[in-house]
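Comments concern the structure below.
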Amino acid sequence: MSIIDLQKENIKNLSPYSSARDEFKGKASVFIDANENPYENGINRYPDPTHSQFVKTILKKYNVLKKNIIIGNGSDEIIDLVFKSFCEPNKDNIMLFEPSYGMYKVLADTYGVKTLSSKLDNNFDIDLDNFFEVYNNRTKVIFICSPNNPTGNLLSKNKIIEILENTNSIVFVDEAYIQFSSKKGVLDLINKYEKLIVSHTLSKFYGMAGLRIGLGFANKKFIDILYKVKLPYNISNFVLEEAEERLEDDFYINKSFSIIKSRKKLVKDLYKYSFIEKVFLSEANFLLIKFKNANKVFNFLKQEGIIVRDRTKLYNCQNCLRISIGTEFQNKILLNSLEKYKE
Ligand SMILES: *Cc1c(COP(=O)(O)O)cnc(C)c1O
């Protein structure tokens with residue numbers, strides 16, 4: 001079955017909105033075809049729906065072609081576009097792995113699509129036997145978060161390939177944290193597997209969560225479908241120009257690489273506390289930490305003015321808190337506080 005056949009019935013025959021700039025792309029001296037305000041002020045024109053200028057900057061960093069990319073208002077919008085074009089309400093279901101990122105289920109609930117869940121194994125990797133038990137022939141999208149939030153580890157690429165080879169579903173690999181990791185992820189597979197989509201974001205490693213820019217990568221057939229349902233002007237010119245400038249400035253990138261160093265140091269420093277049972281191996285910019293009594297630590301840190309994420313209620317995360325790697329100064333404040341904690 002091709003990606004074309006997986007579209008929702010109403011999307012198969014949808015003719016997308018055609019903007020003035022879609023209909024005339026050449027050079028001209030007078031543009032009076034889009035009901036824009038004619039007085040040039042830097043922002044009176046509509047943005048380019050394919051974000052061509054910005055995509056050129058992205059292509060310098062990625063070994064893909066323009067036809068393989070779609071830009072979203074955050075990678076959450078890339079997830080949204082997949083639901084919008086493929087998931088038939090009250091019929092299809094999606095699959096995710098637990099514990100993982102909360103947004104997949106929220107969007108499934110929003111679109112009236114059931115969520116099936118496969119449990120990650122004790123190393124927080126995919127359990128293929130459990131996966132194939134839960135999977136069924138109405139599973140339209142399988143969400144795989146790697147490195148996984150909140151556990152921090154990569155999921156095994158071979159198992160992801162097994163899933164691609166043995167299902168008829170879209171496989172959505174969310175690589176929001178991949179730049180913090182020692183491995184390359186699965187981007188190299190997008191032209192081999194038609195049903196694979198990979199999302200990246202400028203929100204984490206690139207430090208631009210406030211701008212809202214996400215990147216979707218897939219083969220051309222897949223990207224063309226997402227373009228049918230994407231709102232044409234989903235990102236503003238201001239935002240794209242700001243992002244371009246910062247992407248080309250090594251100052252920000254070097255700071256992000258220092259987070260990887262701080263992560264290694266923080267893991268070592270945390271292990272000297274007897275009230276910490278385990279610091280899970282992380283390939284991201286956060287650590288999942290298992291305490292003897294997570295609630296007590298959480299409340300203690302809160303009193304100290306330090307807010308961490310309570311993950312104790314997620315599957316297999318009893319007594320676990322998630323802590324983002326801070327600046328060296330912030331990490332020191334955290335350690336100084338833990339020094340004062342009494343079991
Ligand atoms: C933070 C995060 C994102 C990023 O979402 P944006 O909309 O791009 O800011 C995506 N997926 C996961 C798993 C995340 O943790």
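To be explicit about the labels: the chains of the structure tokens are called A, B, and onward in the order shown, and within each one the residues are counted from 1, while ligands get numbers from 1 in the order they are shown.
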Considering only C-alpha atoms, give me a table of residues in stretch 52-163 of chain A that are at most 10 Å from stretch 222-231 of chain A, with the closest atom pair and distance in Å for each, as a Markdown table.
| residue | atom | partner | partner_atom | distance |
| --- | --- | --- | --- | --- |
| A:Lys67 | CA | A:Ile223 | CA | 7.2 |
| A:Asn68 | CA | A:Ile223 | CA | 6.4 |
| A:Ile69 | CA | A:Ile223 | CA | 6.7 |
| A:Ile70 | CA | A:Ile223 | CA | 6.5 |
| A:Ile71 | CA | A:Lys230 | CA | 9.5 |
| A:Gly72 | CA | A:Lys230 | CA | 8.4 |
| A:Glu77 | CA | A:Lys230 | CA | 8.9 |
| A:Ile78 | CA | A:Leu226 | CA | 8.5 |
| A:Asp80 | CA | A:Lys230 | CA | 9.4 |
| A:Leu81 | CA | A:Leu226 | CA | 6.0 |
| A:Val82 | CA | A:Leu226 | CA | 6.9 |
| A:Phe83 | CA | A:Leu226 | CA | 9.8 |
| A:Lys84 | CA | A:Val229 | CA | 7.1 |
| A:Ser85 | CA | A:Val229 | CA | 6.6 |
| A:Phe86 | CA | A:Ile225 | CA | 9.2 |
Residues as selected, N, CA and C atoms, written as an mmCIF file, in the first residue's frame, can you do that?
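Contents of out.cif, freshly written:
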data_model
loop_
_atom_site.group_PDB
_atom_site.id
_atom_site.type_symbol
_atom_site.label_atom_id
_atom_site.label_comp_id
_atom_site.auth_asym_id
_atom_site.auth_seq_id
_atom_site.Cartn_x
_atom_site.Cartn_y
_atom_site.Cartn_z
ATOM 1 N N LYS A 67 12.424 19.323 -1.815
ATOM 2 C CA LYS A 67 11.167 18.568 -1.944
ATOM 3 C C LYS A 67 10.943 17.602 -0.777
ATOM 4 N N ASN A 68 11.977 17.391 0.050
ATOM 5 C CA ASN A 68 11.869 16.488 1.199
ATOM 6 C C ASN A 68 11.535 17.207 2.503
ATOM 7 N N ILE A 69 11.281 18.526 2.434
ATOM 8 C CA ILE A 69 11.115 19.303 3.672
ATOM 9 C C ILE A 69 9.774 20.018 3.727
ATOM 10 N N ILE A 70 9.207 20.063 4.928
ATOM 11 C CA ILE A 70 8.084 20.970 5.180
ATOM 12 C C ILE A 70 8.346 21.659 6.523
ATOM 13 N N ILE A 71 8.061 22.959 6.589
ATOM 14 C CA ILE A 71 8.339 23.726 7.809
ATOM 15 C C ILE A 71 7.030 23.947 8.559
ATOM 16 N N GLY A 72 7.040 23.626 9.849
ATOM 17 C CA GLY A 72 5.842 23.777 10.671
ATOM 18 C C GLY A 72 6.006 24.838 11.740
ATOM 19 N N GLU A 77 3.277 21.213 14.990
ATOM 20 C CA GLU A 77 2.433 21.378 13.796
ATOM 21 C C GLU A 77 2.672 20.263 12.770
ATOM 22 N N ILE A 78 3.892 19.744 12.718
ATOM 23 C CA ILE A 78 4.162 18.626 11.794
ATOM 24 C C ILE A 78 3.312 17.413 12.226
ATOM 25 N N ASP A 80 0.564 17.558 13.891
ATOM 26 C CA ASP A 80 -0.820 17.945 13.587
ATOM 27 C C ASP A 80 -1.157 17.700 12.116
ATOM 28 N N LEU A 81 -0.233 18.050 11.212
ATOM 29 C CA LEU A 81 -0.484 17.879 9.773
ATOM 30 C C LEU A 81 -0.684 16.403 9.425
ATOM 31 N N VAL A 82 0.045 15.530 10.114
ATOM 32 C CA VAL A 82 -0.087 14.095 9.839
ATOM 33 C C VAL A 82 -1.473 13.604 10.271
ATOM 34 N N PHE A 83 -1.910 14.031 11.457
ATOM 35 C CA PHE A 83 -3.271 13.683 11.880
ATOM 36 C C PHE A 83 -4.302 14.201 10.876
ATOM 37 N N LYS A 84 -4.111 15.451 10.487
ATOM 38 C CA LYS A 84 -5.084 16.126 9.631
ATOM 39 C C LYS A 84 -5.232 15.439 8.271
ATOM 40 N N SER A 85 -4.139 14.910 7.740
ATOM 41 C CA SER A 85 -4.241 14.344 6.393
ATOM 42 C C SER A 85 -4.465 12.833 6.365
ATOM 43 N N PHE A 86 -4.178 12.123 7.460
ATOM 44 C CA PHE A 86 -4.238 10.655 7.370
ATOM 45 C C PHE A 86 -5.211 9.963 8.326
#
Around ligand 1, which protein and nucleic acid residues have at least one atom no more than 9 Å from it, if we count only C-alpha atoms and all ligand atoms? List them as JSON, numbers by chain. {"A": [72, 73, 74, 75, 76, 77, 78, 79, 100, 101, 102, 103, 145, 146, 147, 148, 149, 150, 174, 175, 176, 177, 199, 200, 201, 202, 203, 204, 208, 209, 210, 211, 212, 213, 214, 215]}
Can I get the selection written as a PDB file, in the first residue's frame, with C-alpha atoms?
ATOM      1  CA  GLY A  72       5.842  23.777  10.671  1.00  0.00           C
ATOM      2  CA  ASN A  73       4.883  26.201  13.415  1.00  0.00           C
ATOM      3  CA  GLY A  74       6.900  24.077  15.835  1.00  0.00           C
ATOM      4  CA  SER A  75       7.253  20.351  15.251  1.00  0.00           C
ATOM      5  CA  ASP A  76       3.919  20.022  17.024  1.00  0.00           C
ATOM      6  CA  GLU A  77       2.433  21.378  13.796  1.00  0.00           C
ATOM      7  CA  ILE A  78       4.162  18.626  11.794  1.00  0.00           C
ATOM      8  CA  ILE A  79       2.453  16.063  14.059  1.00  0.00           C
ATOM      9  CA  SER A 100       6.753   9.070  26.023  1.00  0.00           C
ATOM     10  CA  TYR A 101       5.852  12.601  24.958  1.00  0.00           C
ATOM     11  CA  GLY A 102       2.272  13.619  25.814  1.00  0.00           C
ATOM     12  CA  MET A 103       1.357  15.488  22.646  1.00  0.00           C
ATOM     13  CA  CYS A 145      10.279   9.464  19.992  1.00  0.00           C
ATOM     14  CA  SER A 146      14.073   9.066  19.787  1.00  0.00           C
ATOM     15  CA  PRO A 147      15.890  10.218  21.867  1.00  0.00           C
ATOM     16  CA  ASN A 148      12.805   9.536  23.939  1.00  0.00           C
ATOM     17  CA  ASN A 149      11.242  12.148  26.202  1.00  0.00           C
ATOM     18  CA  PRO A 150      11.256  11.683  29.238  1.00  0.00           C
ATOM     19  CA  ASP A 174      10.236  12.503  16.524  1.00  0.00           C
ATOM     20  CA  GLU A 175      13.906  13.501  16.793  1.00  0.00           C
ATOM     21  CA  ALA A 176      13.468  16.734  18.770  1.00  0.00           C
ATOM     22  CA  TYR A 177      16.659  15.986  20.743  1.00  0.00           C
ATOM     23  CA  SER A 199      10.620  15.640  12.680  1.00  0.00           C
ATOM     24  CA  HIS A 200      13.297  17.983  14.014  1.00  0.00           C
ATOM     25  CA  THR A 201      12.877  21.292  15.803  1.00  0.00           C
ATOM     26  CA  LEU A 202      14.687  24.566  16.413  1.00  0.00           C
ATOM     27  CA  SER A 203      13.223  24.592  19.944  1.00  0.00           C
ATOM     28  CA  LYS A 204      15.826  22.572  21.825  1.00  0.00           C
ATOM     29  CA  MET A 208      14.573  29.000  19.654  1.00  0.00           C
ATOM     30  CA  ALA A 209      11.500  27.525  21.366  1.00  0.00           C
ATOM     31  CA  GLY A 210       9.940  30.992  21.372  1.00  0.00           C
ATOM     32  CA  LEU A 211      10.070  31.271  17.575  1.00  0.00           C
ATOM     33  CA  ARG A 212       8.070  28.077  16.892  1.00  0.00           C
ATOM     34  CA  ILE A 213       9.827  26.355  14.000  1.00  0.00           C
ATOM     35  CA  GLY A 214       9.691  22.619  13.335  1.00  0.00           C
ATOM     36  CA  LEU A 215      11.065  20.667  10.388  1.00  0.00           C
TER      37      LEU A 215
END
Atomic distance atom CA of A:Leu155 - atom CA of A:Ile170, expressed in Å with one decimal: 17.1 Å
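Nearest residue to A:Glu242 among A:Asn35, A:Phe54, A:Lys342, A:Ile161 is A:Phe54, counting only C-alpha atoms.
The protein and nucleic acid residues lying at most 12 Å from A:Lys264 are Phe180, Phe257, Ser258, Ile259, Ile260, Lys261, Ser262, Leu266, Val267, Lys268, Asp269, Leu270, Tyr271, Val279, Phe280, Leu281, Ser282, Glu283, Ala284, Asn285, Phe286, Leu287, Ile325, Glu328 and Asn331 of chain A, with only C-alpha atoms considered and sequence neighbours fewer than 2 positions away removed.
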Save the residues we just selected, N, CA, C and O atoms, as a JSON list (two decimals), in the first residue's frame?
[["chain", "number", "residue", "atom", "x", "y", "z"],
["A", 180, "PHE", "N", 21.66, 16.41, 20.39],
["A", 180, "PHE", "CA", 22.39, 16.19, 21.64],
["A", 180, "PHE", "C", 22.94, 14.77, 21.71],
["A", 180, "PHE", "O", 23.60, 14.40, 22.68],
["A", 257, "PHE", "N", 26.54, 22.88, 22.29],
["A", 257, "PHE", "CA", 27.45, 21.73, 22.44],
["A", 257, "PHE", "C", 27.94, 21.63, 23.88],
["A", 257, "PHE", "O", 28.19, 20.53, 24.38],
["A", 258, "SER", "N", 28.05, 22.77, 24.57],
["A", 258, "SER", "CA", 28.52, 22.72, 25.95],
["A", 258, "SER", "C", 27.51, 22.01, 26.86],
["A", 258, "SER", "O", 27.87, 21.49, 27.92],
["A", 259, "ILE", "N", 26.24, 21.96, 26.44],
["A", 259, "ILE", "CA", 25.22, 21.26, 27.24],
["A", 259, "ILE", "C", 25.56, 19.77, 27.32],
["A", 259, "ILE", "O", 25.36, 19.13, 28.35],
["A", 260, "ILE", "N", 26.11, 19.23, 26.22],
["A", 260, "ILE", "CA", 26.46, 17.80, 26.21],
["A", 260, "ILE", "C", 27.56, 17.53, 27.25],
["A", 260, "ILE", "O", 27.50, 16.56, 28.00],
["A", 261, "LYS", "N", 28.54, 18.45, 27.29],
["A", 261, "LYS", "CA", 29.61, 18.30, 28.30],
["A", 261, "LYS", "C", 29.05, 18.40, 29.71],
["A", 261, "LYS", "O", 29.38, 17.61, 30.59],
["A", 262, "SER", "N", 28.18, 19.41, 29.92],
["A", 262, "SER", "CA", 27.61, 19.59, 31.26],
["A", 262, "SER", "C", 26.80, 18.37, 31.67],
["A", 262, "SER", "O", 26.75, 18.01, 32.85],
["A", 266, "LEU", "N", 27.25, 16.45, 35.10],
["A", 266, "LEU", "CA", 26.14, 16.42, 36.05],
["A", 266, "LEU", "C", 25.82, 14.97, 36.46],
["A", 266, "LEU", "O", 25.55, 14.70, 37.63],
["A", 267, "VAL", "N", 25.86, 14.05, 35.50],
["A", 267, "VAL", "CA", 25.60, 12.64, 35.82],
["A", 267, "VAL", "C", 26.57, 12.18, 36.90],
["A", 267, "VAL", "O", 26.18, 11.58, 37.91],
["A", 268, "LYS", "N", 27.86, 12.49, 36.69],
["A", 268, "LYS", "CA", 28.89, 12.08, 37.68],
["A", 268, "LYS", "C", 28.59, 12.71, 39.03],
["A", 268, "LYS", "O", 28.61, 12.04, 40.06],
["A", 269, "ASP", "N", 28.31, 14.01, 39.04],
["A", 269, "ASP", "CA", 28.08, 14.72, 40.30],
["A", 269, "ASP", "C", 26.86, 14.17, 41.04],
["A", 269, "ASP", "O", 26.83, 14.13, 42.27],
["A", 270, "LEU", "N", 25.83, 13.75, 40.30],
["A", 270, "LEU", "CA", 24.60, 13.28, 40.95],
["A", 270, "LEU", "C", 24.79, 11.93, 41.62],
["A", 270, "LEU", "O", 24.15, 11.63, 42.62],
["A", 271, "TYR", "N", 25.69, 11.14, 41.06],
["A", 271, "TYR", "CA", 25.84, 9.78, 41.59],
["A", 271, "TYR", "C", 26.43, 9.72, 42.99],
["A", 271, "TYR", "O", 26.44, 8.68, 43.61],
["A", 279, "VAL", "N", 20.55, 7.29, 37.55],
["A", 279, "VAL", "CA", 20.46, 8.36, 36.55],
["A", 279, "VAL", "C", 20.46, 7.65, 35.21],
["A", 279, "VAL", "O", 21.42, 6.97, 34.86],
["A", 280, "PHE", "N", 19.36, 7.75, 34.48],
["A", 280, "PHE", "CA", 19.26, 7.00, 33.22],
["A", 280, "PHE", "C", 20.18, 7.62, 32.17],
["A", 280, "PHE", "O", 20.34, 8.84, 32.11],
["A", 281, "LEU", "N", 20.74, 6.75, 31.35],
["A", 281, "LEU", "CA", 21.65, 7.16, 30.28],
["A", 281, "LEU", "C", 20.91, 8.11, 29.34],
["A", 281, "LEU", "O", 19.87, 7.75, 28.80],
["A", 282, "SER", "N", 21.45, 9.32, 29.15],
["A", 282, "SER", "CA", 20.73, 10.30, 28.33],
["A", 282, "SER", "C", 21.50, 10.71, 27.09],
["A", 282, "SER", "O", 22.71, 10.96, 27.15],
["A", 283, "GLU", "N", 20.79, 10.80, 25.99],
["A", 283, "GLU", "CA", 21.34, 11.34, 24.73],
["A", 283, "GLU", "C", 20.61, 12.63, 24.39],
["A", 283, "GLU", "O", 20.49, 13.01, 23.23],
["A", 284, "ALA", "N", 20.08, 13.30, 25.43],
["A", 284, "ALA", "CA", 19.29, 14.51, 25.21],
["A", 284, "ALA", "C", 19.77, 15.61, 26.16],
["A", 284, "ALA", "O", 20.82, 15.47, 26.78],
["A", 285, "ASN", "N", 19.03, 16.68, 26.30],
["A", 285, "ASN", "CA", 19.45, 17.78, 27.17],
["A", 285, "ASN", "C", 18.72, 17.73, 28.52],
["A", 285, "ASN", "O", 18.44, 18.77, 29.11],
["A", 286, "PHE", "N", 18.40, 16.52, 28.94],
["A", 286, "PHE", "CA", 17.75, 16.35, 30.24],
["A", 286, "PHE", "C", 18.16, 14.99, 30.80],
["A", 286, "PHE", "O", 18.69, 14.14, 30.07],
["A", 287, "LEU", "N", 17.90, 14.83, 32.09],
["A", 287, "LEU", "CA", 18.18, 13.55, 32.74],
["A", 287, "LEU", "C", 16.93, 13.06, 33.44],
["A", 287, "LEU", "O", 16.24, 13.83, 34.11],
["A", 325, "ILE", "N", 19.13, 19.97, 31.62],
["A", 325, "ILE", "CA", 20.49, 20.44, 31.90],
["A", 325, "ILE", "C", 20.48, 21.96, 31.82],
["A", 325, "ILE", "O", 20.04, 22.54, 30.82],
["A", 328, "GLU", "N", 26.09, 26.01, 33.51],
["A", 328, "GLU", "CA", 26.95, 25.49, 34.57],
["A", 328, "GLU", "C", 26.58, 26.09, 35.91],
["A", 328, "GLU", "O", 26.58, 25.41, 36.94],
["A", 331, "ASN", "N", 23.35, 24.45, 37.18],
["A", 331, "ASN", "CA", 23.62, 23.09, 37.64],
["A", 331, "ASN", "C", 24.27, 23.10, 39.02],
["A", 331, "ASN", "O", 23.99, 22.26, 39.87]]
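For A:Leu196, the set of protein, DNA and RNA residues having any atom at most 10 Å away, when counting only C-alpha atoms and skipping those fewer than 3 positions along the same chain, is Ile3, Val141, Ile142, Ile161, Leu164, Ser169, Ile170, Val171, Phe172, Val173, Val186, Leu187, Leu189, Ile190, Asn191, Lys192, Tyr193, Phe217, Ala218, Asn219 and Phe222 of chain A.
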Residue subset to file, keeping N, CA and C atoms, as a compact mmCIF listing (two decimals), in the first residue's frame:
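Now in result_19.txt:
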# COMPACT_ATOMS: atom_id res chain seq x y z
N ILE A 3 1.72 5.49 0.28
CA ILE A 3 1.36 6.60 1.17
C ILE A 3 0.12 7.33 0.63
N VAL A 141 -0.85 5.56 12.24
CA VAL A 141 0.45 6.19 12.51
C VAL A 141 1.07 5.59 13.77
N ILE A 142 2.38 5.33 13.70
CA ILE A 142 3.13 4.84 14.86
C ILE A 142 4.12 5.94 15.24
N ILE A 161 13.47 -0.06 11.96
CA ILE A 161 13.45 -0.62 10.60
C ILE A 161 12.53 -1.84 10.54
N LEU A 164 9.15 -0.53 10.20
CA LEU A 164 8.92 0.00 8.84
C LEU A 164 8.71 -1.14 7.85
N SER A 169 1.80 1.04 8.12
CA SER A 169 1.43 2.32 8.74
C SER A 169 2.52 3.36 8.52
N ILE A 170 2.12 4.60 8.75
CA ILE A 170 3.09 5.69 8.77
C ILE A 170 3.93 5.56 10.04
N VAL A 171 5.23 5.73 9.91
CA VAL A 171 6.09 5.73 11.09
C VAL A 171 6.64 7.14 11.26
N PHE A 172 6.24 7.77 12.36
CA PHE A 172 6.62 9.15 12.65
C PHE A 172 7.73 9.12 13.69
N VAL A 173 8.95 9.46 13.30
CA VAL A 173 10.05 9.46 14.27
C VAL A 173 10.34 10.90 14.69
N VAL A 186 17.49 8.59 12.01
CA VAL A 186 16.97 7.81 10.88
C VAL A 186 16.70 8.64 9.63
N LEU A 187 17.20 9.89 9.61
CA LEU A 187 16.94 10.76 8.45
C LEU A 187 17.39 10.13 7.13
N LEU A 189 16.91 7.40 6.04
CA LEU A 189 15.99 6.38 5.52
C LEU A 189 14.76 6.95 4.79
N ILE A 190 14.66 8.28 4.74
CA ILE A 190 13.38 8.83 4.21
C ILE A 190 13.14 8.52 2.74
N ASN A 191 14.20 8.30 1.98
CA ASN A 191 13.94 7.96 0.58
C ASN A 191 13.87 6.47 0.33
N LYS A 192 14.16 5.70 1.36
CA LYS A 192 14.03 4.24 1.25
C LYS A 192 12.62 3.81 1.66
N TYR A 193 12.07 4.47 2.70
CA TYR A 193 10.75 4.08 3.20
C TYR A 193 9.75 5.21 2.98
N PHE A 217 10.69 15.95 7.61
CA PHE A 217 11.45 15.38 6.49
C PHE A 217 10.80 14.07 6.05
N ALA A 218 10.55 13.94 4.75
CA ALA A 218 10.01 12.69 4.21
C ALA A 218 10.25 12.69 2.71
N ASN A 219 9.86 11.60 2.05
CA ASN A 219 9.98 11.59 0.60
C ASN A 219 8.94 12.54 -0.01
N PHE A 222 5.03 12.09 0.25
CA PHE A 222 4.52 12.31 1.60
C PHE A 222 4.42 13.83 1.85
Top pick for closest residue to A:Lys296, considering A:Asn158, A:Ser118, A:Asn319, A:Ser15 and counting only C-alpha atoms: A:Asn319
Taking the DSSP assignment computed from this structure's backbone, write out as a PyMOL selection string all residues of stretch 30-259 of chain A that belong to strand (DSSP E). chain A and resi 69-72+93-98+114-119+139-145+170-174+196-201+214-217
Go ahead and save the picked residues with C-alpha atoms, as a short mmCIF file (atom, residue, chain, number, x, y, z; two decimals), in the first residue's frame.
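The resulting file, part-v3.cif, is shown below:
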data_model
loop_
_atom_site.label_atom_id
_atom_site.label_comp_id
_atom_site.auth_asym_id
_atom_site.auth_seq_id
_atom_site.Cartn_x
_atom_site.Cartn_y
_atom_site.Cartn_z
CA ILE A 69 11.12 19.30 3.67
CA ILE A 70 8.08 20.97 5.18
CA ILE A 71 8.34 23.73 7.81
CA GLY A 72 5.84 23.78 10.67
CA ASN A 93 -5.97 4.42 15.66
CA ILE A 94 -2.44 5.56 16.39
CA MET A 95 0.23 3.78 18.37
CA LEU A 96 2.76 5.14 20.79
CA PHE A 97 5.27 3.75 23.23
CA GLU A 98 5.08 4.34 26.96
CA LYS A 114 -7.99 6.02 19.43
CA THR A 115 -4.53 5.62 21.01
CA LEU A 116 -2.97 2.18 21.40
CA SER A 117 0.05 1.87 23.62
CA SER A 118 2.99 -0.49 23.59
CA LYS A 119 5.18 -0.56 26.70
CA THR A 139 -3.21 1.57 13.04
CA LYS A 140 -2.52 4.56 10.79
CA VAL A 141 0.45 6.19 12.51
CA ILE A 142 3.13 4.84 14.86
CA PHE A 143 4.87 7.55 16.91
CA ILE A 144 8.45 6.86 17.93
CA CYS A 145 10.28 9.46 19.99
CA ILE A 170 3.09 5.69 8.77
CA VAL A 171 6.09 5.73 11.09
CA PHE A 172 6.62 9.15 12.65
CA VAL A 173 10.05 9.46 14.27
CA ASP A 174 10.24 12.50 16.52
CA LEU A 196 8.57 7.33 7.15
CA ILE A 197 8.47 10.92 8.40
CA VAL A 198 11.10 12.44 10.71
CA SER A 199 10.62 15.64 12.68
CA HIS A 200 13.30 17.98 14.01
CA THR A 201 12.88 21.29 15.80
CA GLY A 214 9.69 22.62 13.33
CA LEU A 215 11.07 20.67 10.39
CA GLY A 216 9.39 17.67 8.76
CA PHE A 217 11.45 15.38 6.49
#
Using atom CA of A:Lys278 and atom CA of A:Lys290 as the two end points, give the distance in Å to one decimal. 5.0 Å
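In this model, the gap between atom CA of A:Ser181 and atom CA of A:Glu165 comes to 25.0 Å.
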Picked from stretch 13-163 of chain A by DSSP as alpha helix (DSSP H), as a count of residues only: 48
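Using only C-alpha atoms for every distance, the candidate list A:Glu339, A:Ile307, A:Ile58, A:Leu321 yields A:Leu321 as the residue closest to A:Asn295.
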